[in-house]
Amino acid sequence: MTVNKRKKPASVNPIKIGQSLGAVLALQGCYRAMPLIHGSQGCSAFPKALLTRHFREPIAVQTSALQEMDVIFDANRNLEEALNIVLSKHRPDIIGIVGTELTDVAGVDYVTMLKSYKRERNLRGGLAFSVVLPDFRGSLESGFSATVEAMMDELIQQVGHRGSRTVNTRQITLLPGSFLTPADVMELKEMISAFGFEVIAVPDISTSLSGHLLTGFSPLTRGGVPLDSMLQSLQSGLTIAVGASMERPARRLHNALGTPYKVFSGAMGLKASDELLHFLHQISGEPVPLRYCWQRENLLDSMLDAHFQFAGMSAVAALEPDHLYSVSGWLEELGVEQKALISSFETPVVDGMEREVWVGDLDDAEVLGKGADLWISNSHGISGAARIGAAFMPAGFPVWNELGAYMSVSVGYRGAMEWSNKAGNLLMQREAGHRESSIRHR
Amino acid sequence: MDPVRKVDFDSEACGSQAPKSKPCPRPKPGEAAGGCSFDGAQITLLPIMDAAHLVHGPIACAGNSWESRGTLSSGPSLSQYGFATDLNDSDIIFGGEKKLKESIDYIAGRFAPPAIFVYSTCVTALIGEDMDAVCKEAGDRLGIPVVPVNSPGFVGSKNLGNRLAGDALLQYVIGTGDPEPEIPLGVNLIGEYNIAGEMWDIEKLMNSAGISVTSRITGDARYKEITWAHHAKVNMVVCSRALLGLAREMEAKYGIPFFEGSFYGAKETTYSLRQMAYLMNDREMERRVDRLTEREESRLAQDLRPYRKMLKGKKAVLYTGGVKSWSVISALKELGVQVVGVGTNKSTEDDVRRIADRVGDDTEYIPEGGASRILKTVRERKADIMIAGGRNMYVAMKEQIPFIDINQERHKAYAGYEGLLRLAKELTYSLANPVWRLAASPAPWDKGVPYDR
């Protein structure tokens, strides 16, 4: 409907996160990868600390460690040094060079530099690409999808264009959006493969950030989609993108290789899950597996159980655009009034939403969401939720006040049920708290 | 123990205030770990809890970093707000000074803070924003201090940022106010950040000995109390690497004697309290300190007994920075834990000397970061536990090594006598946890023994 912005000069309690962090996240979903942030030390230290805190996993990332003089004289000298060290010490399969606002404003041309570096060193067998991600545009979501797009471009370049491939119609490339947790990606992979497809998720954080002890520590990413699977994914008969932000990489595959694609803006809630399963049923010709029929029943039953809890309740949600879209649809199904929806930045998805959306920060959530019963945002929102007296439900990135947030499922019937129960429980606890305090104060 | 003034610090070391100080080592591309100067400046100043902290730059510097530290407040929480000018492309092209000015006005109008700290970032430094002028103009107009902190990320390491923040305090804050009459003058605590509430334990101890804290620089601080820091009788530098220069400058300018000390371990704590009383030049206070420390130490010895039995002979690798690199060694030694490896990448030469005084000859020094390097030491020296910062926590988990978080994100206070007991408990709980045994044993079907029951 409309996208608004409150008039204030400063950002107060931002939900926006640097695009480069999105790039680092995307690369964590690739096996033996190393994101290399072209910027000053902090440009990699902050994302590393924040991602570590959210996923409770070691995070692979390196920096070109730019200093003042490097920026003035030759920032690429640092990048070359960093590349030399990373290549000789860790031998990654994939290197993603992530430009920051610092290199962007200083006008550093590392795209050409990387090209000649690759030529000179005769880099073969690996994948090295660069992506320009200044932090004064977009947020985590755009950084993530732009990185996947750049990665796809590089893959396509390595393999060659249309005609040079054999299409495997039983294979599907899944492009999961940045708002999906490792458990979500796992769930989506299972749903698609339940219809007899082979699925290659790019990137695949479900096998890298979901927690495993198998291989011990490595400075590179552990788990994730290996490079040869990524190359093999170019032969898929179909691309499924989840999250509108992933349409662009899907379109790249379509333009270069002719792979048809289908975008699901989200997969959360009854309707969205119905749509996804119906689609899979149709293209596979297979019946919907019994377990999903059961899960559908379970979801509807739990929604009935919870509707007493949700009746008359209102919510405020402050999330990344695609995530906000999904959560808004889910709230709709529960009959919860949506007091305010706040997005980190503007995208076609939020433009097209039927509700009023604000581009803003957590301070806006506090002002616009006054009186709301439920607050949905990342962990930065805890104090704001407390100030307006709303039950706080952590979602998005980063979440540090709850164990296992990265393993929580939101997609499919199972995810919708998990979320509904969680939100309902929070509201129930809040109600109990109110009752208790009213007794105490009599 | 006869307290001695420490004057033999190394003024040449990186992090000192001396004009000819040698530059901090350049971070190595592709191998650098740890934060930038902007990060460092925030570490020092964010614990001024009632002030507003505004980051002038694109969103990532503020958006990726706010609420990342375990520094606690006993009251105001404005410093936990994330403020950013959030520059976009056109601000970069046409200049962000106007937005900065408006942001300062907005924050002053809506939150009425006692002061606003404004941080420059790489981009605003690069495009040549005249932050100092904007801050000065706004400060004059609004009638509150607006302090520019010129510590963009690319000038260097986190330590340099701590130092630049200290410079800002010297230049704009310290010496601009006078204490309220009822406030007794005593000691400034410099470089104590109230991680997990450590400052509160320390203050309780000091107060029991009749020593009062004049200014907290900057754990759980209020802006006002730092303005009168120059009236204190003694400065104690808790984290020496970064803010030693601040103490040195205050000695030169206001004649306040200082010493470097720590509160990690009973011995260090006792030494620090004694040193305070000694420099206050108050015999009665010294006697009180003696009585207090004696009582606390003997009570602690009693309380520690069961844990010491568990911890005796255990080996630890310690990877942390600054003051903790040596002072935690003392604490561990008191618990009977042997330090077999120690990180020195963030230590001054003086710190290293102190480390050397405290560890045996066969302790390995780990000069450069990198998780693999730490792990190597843990494996080679057969260490039982790793003690480091949150960044390395999950590295240890992956290798199934017991771990204690000693850095700024942690939730446990380890300072003072109480803190040492807490550390002993944490070490014991971590080492004795059943999870290590469970994680090390394979699934039953992988053991190759047939199921026959």
# chains A, B, ... in the order shown; residues from 1 in each chain; ligands from 1
$ select_by_dssp --residues "stretch 155-214 of chain B" --states "alpha helix (DSSP H)" --output "VMD selection string"
chain B and resid 158 to 168 198 to 208
$ write_last_selection --atoms "C-alpha atoms" --output "compact mmCIF listing (two decimals), in the first residue's frame"
# COMPACT_ATOMS: atom_id res chain seq x y z
CA LYS B 158 41.52 -1.23 18.94
CA ASN B 159 44.20 -0.15 21.41
CA LEU B 160 44.88 3.04 19.52
CA GLY B 161 41.16 3.73 19.65
CA ASN B 162 41.14 3.34 23.45
CA ARG B 163 43.95 5.86 23.57
CA LEU B 164 42.24 8.32 21.25
CA ALA B 165 39.15 8.11 23.43
CA GLY B 166 41.35 8.91 26.40
CA ASP B 167 42.66 11.91 24.48
CA ALA B 168 39.11 13.11 23.89
CA GLU B 198 33.04 -6.25 38.16
CA MET B 199 33.24 -2.59 39.06
CA TRP B 200 30.55 -3.06 41.67
CA ASP B 201 32.52 -5.80 43.43
CA ILE B 202 35.61 -3.60 43.40
CA GLU B 203 33.76 -0.58 44.71
CA LYS B 204 32.25 -2.59 47.52
CA LEU B 205 35.75 -3.65 48.57
CA MET B 206 37.14 -0.14 48.34
CA ASN B 207 34.28 1.26 50.35
CA SER B 208 34.74 -1.37 53.07
$ closest_atom_pairs --of "chain B" --to "chain A" --cutoff "7 Å" --atoms "only C-alpha atoms" --output "JSON lines"
{"residue": "B:Pro27", "atom": "CA", "partner": "A:Ala65", "partner_atom": "CA", "distance": 6.1}
{"residue": "B:Lys28", "atom": "CA", "partner": "A:Ala65", "partner_atom": "CA", "distance": 6.5}
{"residue": "B:Pro29", "atom": "CA", "partner": "A:Ser64", "partner_atom": "CA", "distance": 4.3}
{"residue": "B:Gly30", "atom": "CA", "partner": "A:Ala82", "partner_atom": "CA", "distance": 3.8}
{"residue": "B:Glu31", "atom": "CA", "partner": "A:Gln62", "partner_atom": "CA", "distance": 6.9}
{"residue": "B:Ala32", "atom": "CA", "partner": "A:Thr63", "partner_atom": "CA", "distance": 6.6}
{"residue": "B:Ala33", "atom": "CA", "partner": "A:Ala45", "partner_atom": "CA", "distance": 6.9}
{"residue": "B:Gly34", "atom": "CA", "partner": "A:Ala45", "partner_atom": "CA", "distance": 5.6}
{"residue": "B:Gly35", "atom": "CA", "partner": "A:Gly42", "partner_atom": "CA", "distance": 4.7}
{"residue": "B:Cys36", "atom": "CA", "partner": "A:Gly42", "partner_atom": "CA", "distance": 4.5}
{"residue": "B:Asp39", "atom": "CA", "partner": "A:Gly42", "partner_atom": "CA", "distance": 6.9}
{"residue": "B:Pro58", "atom": "CA", "partner": "A:Phe136", "partner_atom": "CA", "distance": 5.1}
{"residue": "B:Ile59", "atom": "CA", "partner": "A:Asp135", "partner_atom": "CA", "distance": 6.2}
{"residue": "B:Ala60", "atom": "CA", "partner": "A:Gly18", "partner_atom": "CA", "distance": 4.2}
{"residue": "B:Gly63", "atom": "CA", "partner": "A:Ile17", "partner_atom": "CA", "distance": 5.1}
{"residue": "B:Asn64", "atom": "CA", "partner": "A:Ile17", "partner_atom": "CA", "distance": 5.8}
{"residue": "B:Ser65", "atom": "CA", "partner": "A:Phe46", "partner_atom": "CA", "distance": 6.0}
{"residue": "B:Tyr81", "atom": "CA", "partner": "A:Asn13", "partner_atom": "CA", "distance": 5.7}
{"residue": "B:Gly82", "atom": "CA", "partner": "A:Asn13", "partner_atom": "CA", "distance": 4.3}
{"residue": "B:Phe83", "atom": "CA", "partner": "A:Val12", "partner_atom": "CA", "distance": 4.7}
{"residue": "B:Ala84", "atom": "CA", "partner": "A:Ser11", "partner_atom": "CA", "distance": 5.1}
{"residue": "B:Thr85", "atom": "CA", "partner": "A:Ala10", "partner_atom": "CA", "distance": 4.7}
{"residue": "B:Asp86", "atom": "CA", "partner": "A:Ser11", "partner_atom": "CA", "distance": 6.1}
{"residue": "B:Leu87", "atom": "CA", "partner": "A:Phe136", "partner_atom": "CA", "distance": 6.0}
{"residue": "B:Asn88", "atom": "CA", "partner": "A:Phe136", "partner_atom": "CA", "distance": 4.6}
{"residue": "B:Asp89", "atom": "CA", "partner": "A:Phe136", "partner_atom": "CA", "distance": 6.2}
{"residue": "B:Lys99", "atom": "CA", "partner": "A:Pro9", "partner_atom": "CA", "distance": 6.2}
{"residue": "B:Glu102", "atom": "CA", "partner": "A:Pro9", "partner_atom": "CA", "distance": 5.9}
{"residue": "B:Ser103", "atom": "CA", "partner": "A:Ala10", "partner_atom": "CA", "distance": 4.9}
{"residue": "B:Cys122", "atom": "CA", "partner": "A:Leu102", "partner_atom": "CA", "distance": 6.5}
{"residue": "B:Val123", "atom": "CA", "partner": "A:Leu102", "partner_atom": "CA", "distance": 5.7}
{"residue": "B:Gly153", "atom": "CA", "partner": "A:Ser40", "partner_atom": "CA", "distance": 6.1}
{"residue": "B:Phe154", "atom": "CA", "partner": "A:Gln67", "partner_atom": "CA", "distance": 4.3}
{"residue": "B:Val155", "atom": "CA", "partner": "A:Glu68", "partner_atom": "CA", "distance": 5.6}
{"residue": "B:Gly156", "atom": "CA", "partner": "A:Gln67", "partner_atom": "CA", "distance": 6.4}
{"residue": "B:Arg391", "atom": "CA", "partner": "A:Ala49", "partner_atom": "CA", "distance": 6.2}
{"residue": "B:Tyr394", "atom": "CA", "partner": "A:Glu57", "partner_atom": "CA", "distance": 5.3}
{"residue": "B:Val395", "atom": "CA", "partner": "A:Pro58", "partner_atom": "CA", "distance": 5.7}
{"residue": "B:Lys398", "atom": "CA", "partner": "A:Gly216", "partner_atom": "CA", "distance": 5.0}
{"residue": "B:Glu399", "atom": "CA", "partner": "A:Gly216", "partner_atom": "CA", "distance": 5.2}
$ residues_around --residues "B:Val289" --least-positions-apart "6" --cutoff "9 Å" --atoms "only C-alpha atoms" --output "ChimeraX atom specification"
/B:206,208-211,270,273-274,277
$ write_last_selection --atoms "N, CA, C and O atoms" --output "CSV table (one decimal), in the first residue's frame"
chain,number,residue,atom,x,y,z
B,206,MET,N,36.5,-1.4,48.0
B,206,MET,CA,37.1,-0.1,48.3
B,206,MET,C,36.4,0.6,49.5
B,206,MET,O,37.0,1.1,50.4
B,208,SER,N,34.6,-0.7,51.8
B,208,SER,CA,34.7,-1.4,53.1
B,208,SER,C,36.0,-0.9,53.7
B,208,SER,O,36.2,-0.9,54.9
B,209,ALA,N,37.0,-0.5,52.9
B,209,ALA,CA,38.3,0.0,53.5
B,209,ALA,C,38.2,1.5,53.6
B,209,ALA,O,39.2,2.1,54.0
B,210,GLY,N,37.1,2.1,53.4
B,210,GLY,CA,37.0,3.5,53.5
B,210,GLY,C,37.6,4.3,52.4
B,210,GLY,O,37.9,5.5,52.5
B,211,ILE,N,37.8,3.7,51.3
B,211,ILE,CA,38.4,4.4,50.1
B,211,ILE,C,37.2,4.7,49.2
B,211,ILE,O,36.4,3.8,48.8
B,270,THR,N,44.8,-7.4,46.7
B,270,THR,CA,45.4,-6.8,48.0
B,270,THR,C,46.4,-5.8,47.7
B,270,THR,O,46.4,-4.7,48.3
B,273,LEU,N,44.7,-2.5,46.6
B,273,LEU,CA,44.1,-1.7,47.7
B,273,LEU,C,45.1,-1.1,48.5
B,273,LEU,O,45.0,0.1,48.9
B,274,ARG,N,46.2,-1.8,48.8
B,274,ARG,CA,47.3,-1.3,49.6
B,274,ARG,C,47.9,-0.1,48.9
B,274,ARG,O,48.2,0.9,49.6
B,277,ALA,N,45.8,3.0,49.3
B,277,ALA,CA,45.9,3.6,50.7
B,277,ALA,C,47.3,4.3,50.8
B,277,ALA,O,47.4,5.4,51.4
$ atom_distance --atom1 "atom CA of B:Ala413" --atom2 "atom CA of B:Lys267"
17.1 Å
$ closest_residue --among "B:Ile183, B:Leu246, B:Ala196, B:Val238" --to "B:Thr214" --atoms "only C-alpha atoms"
B:Ile183
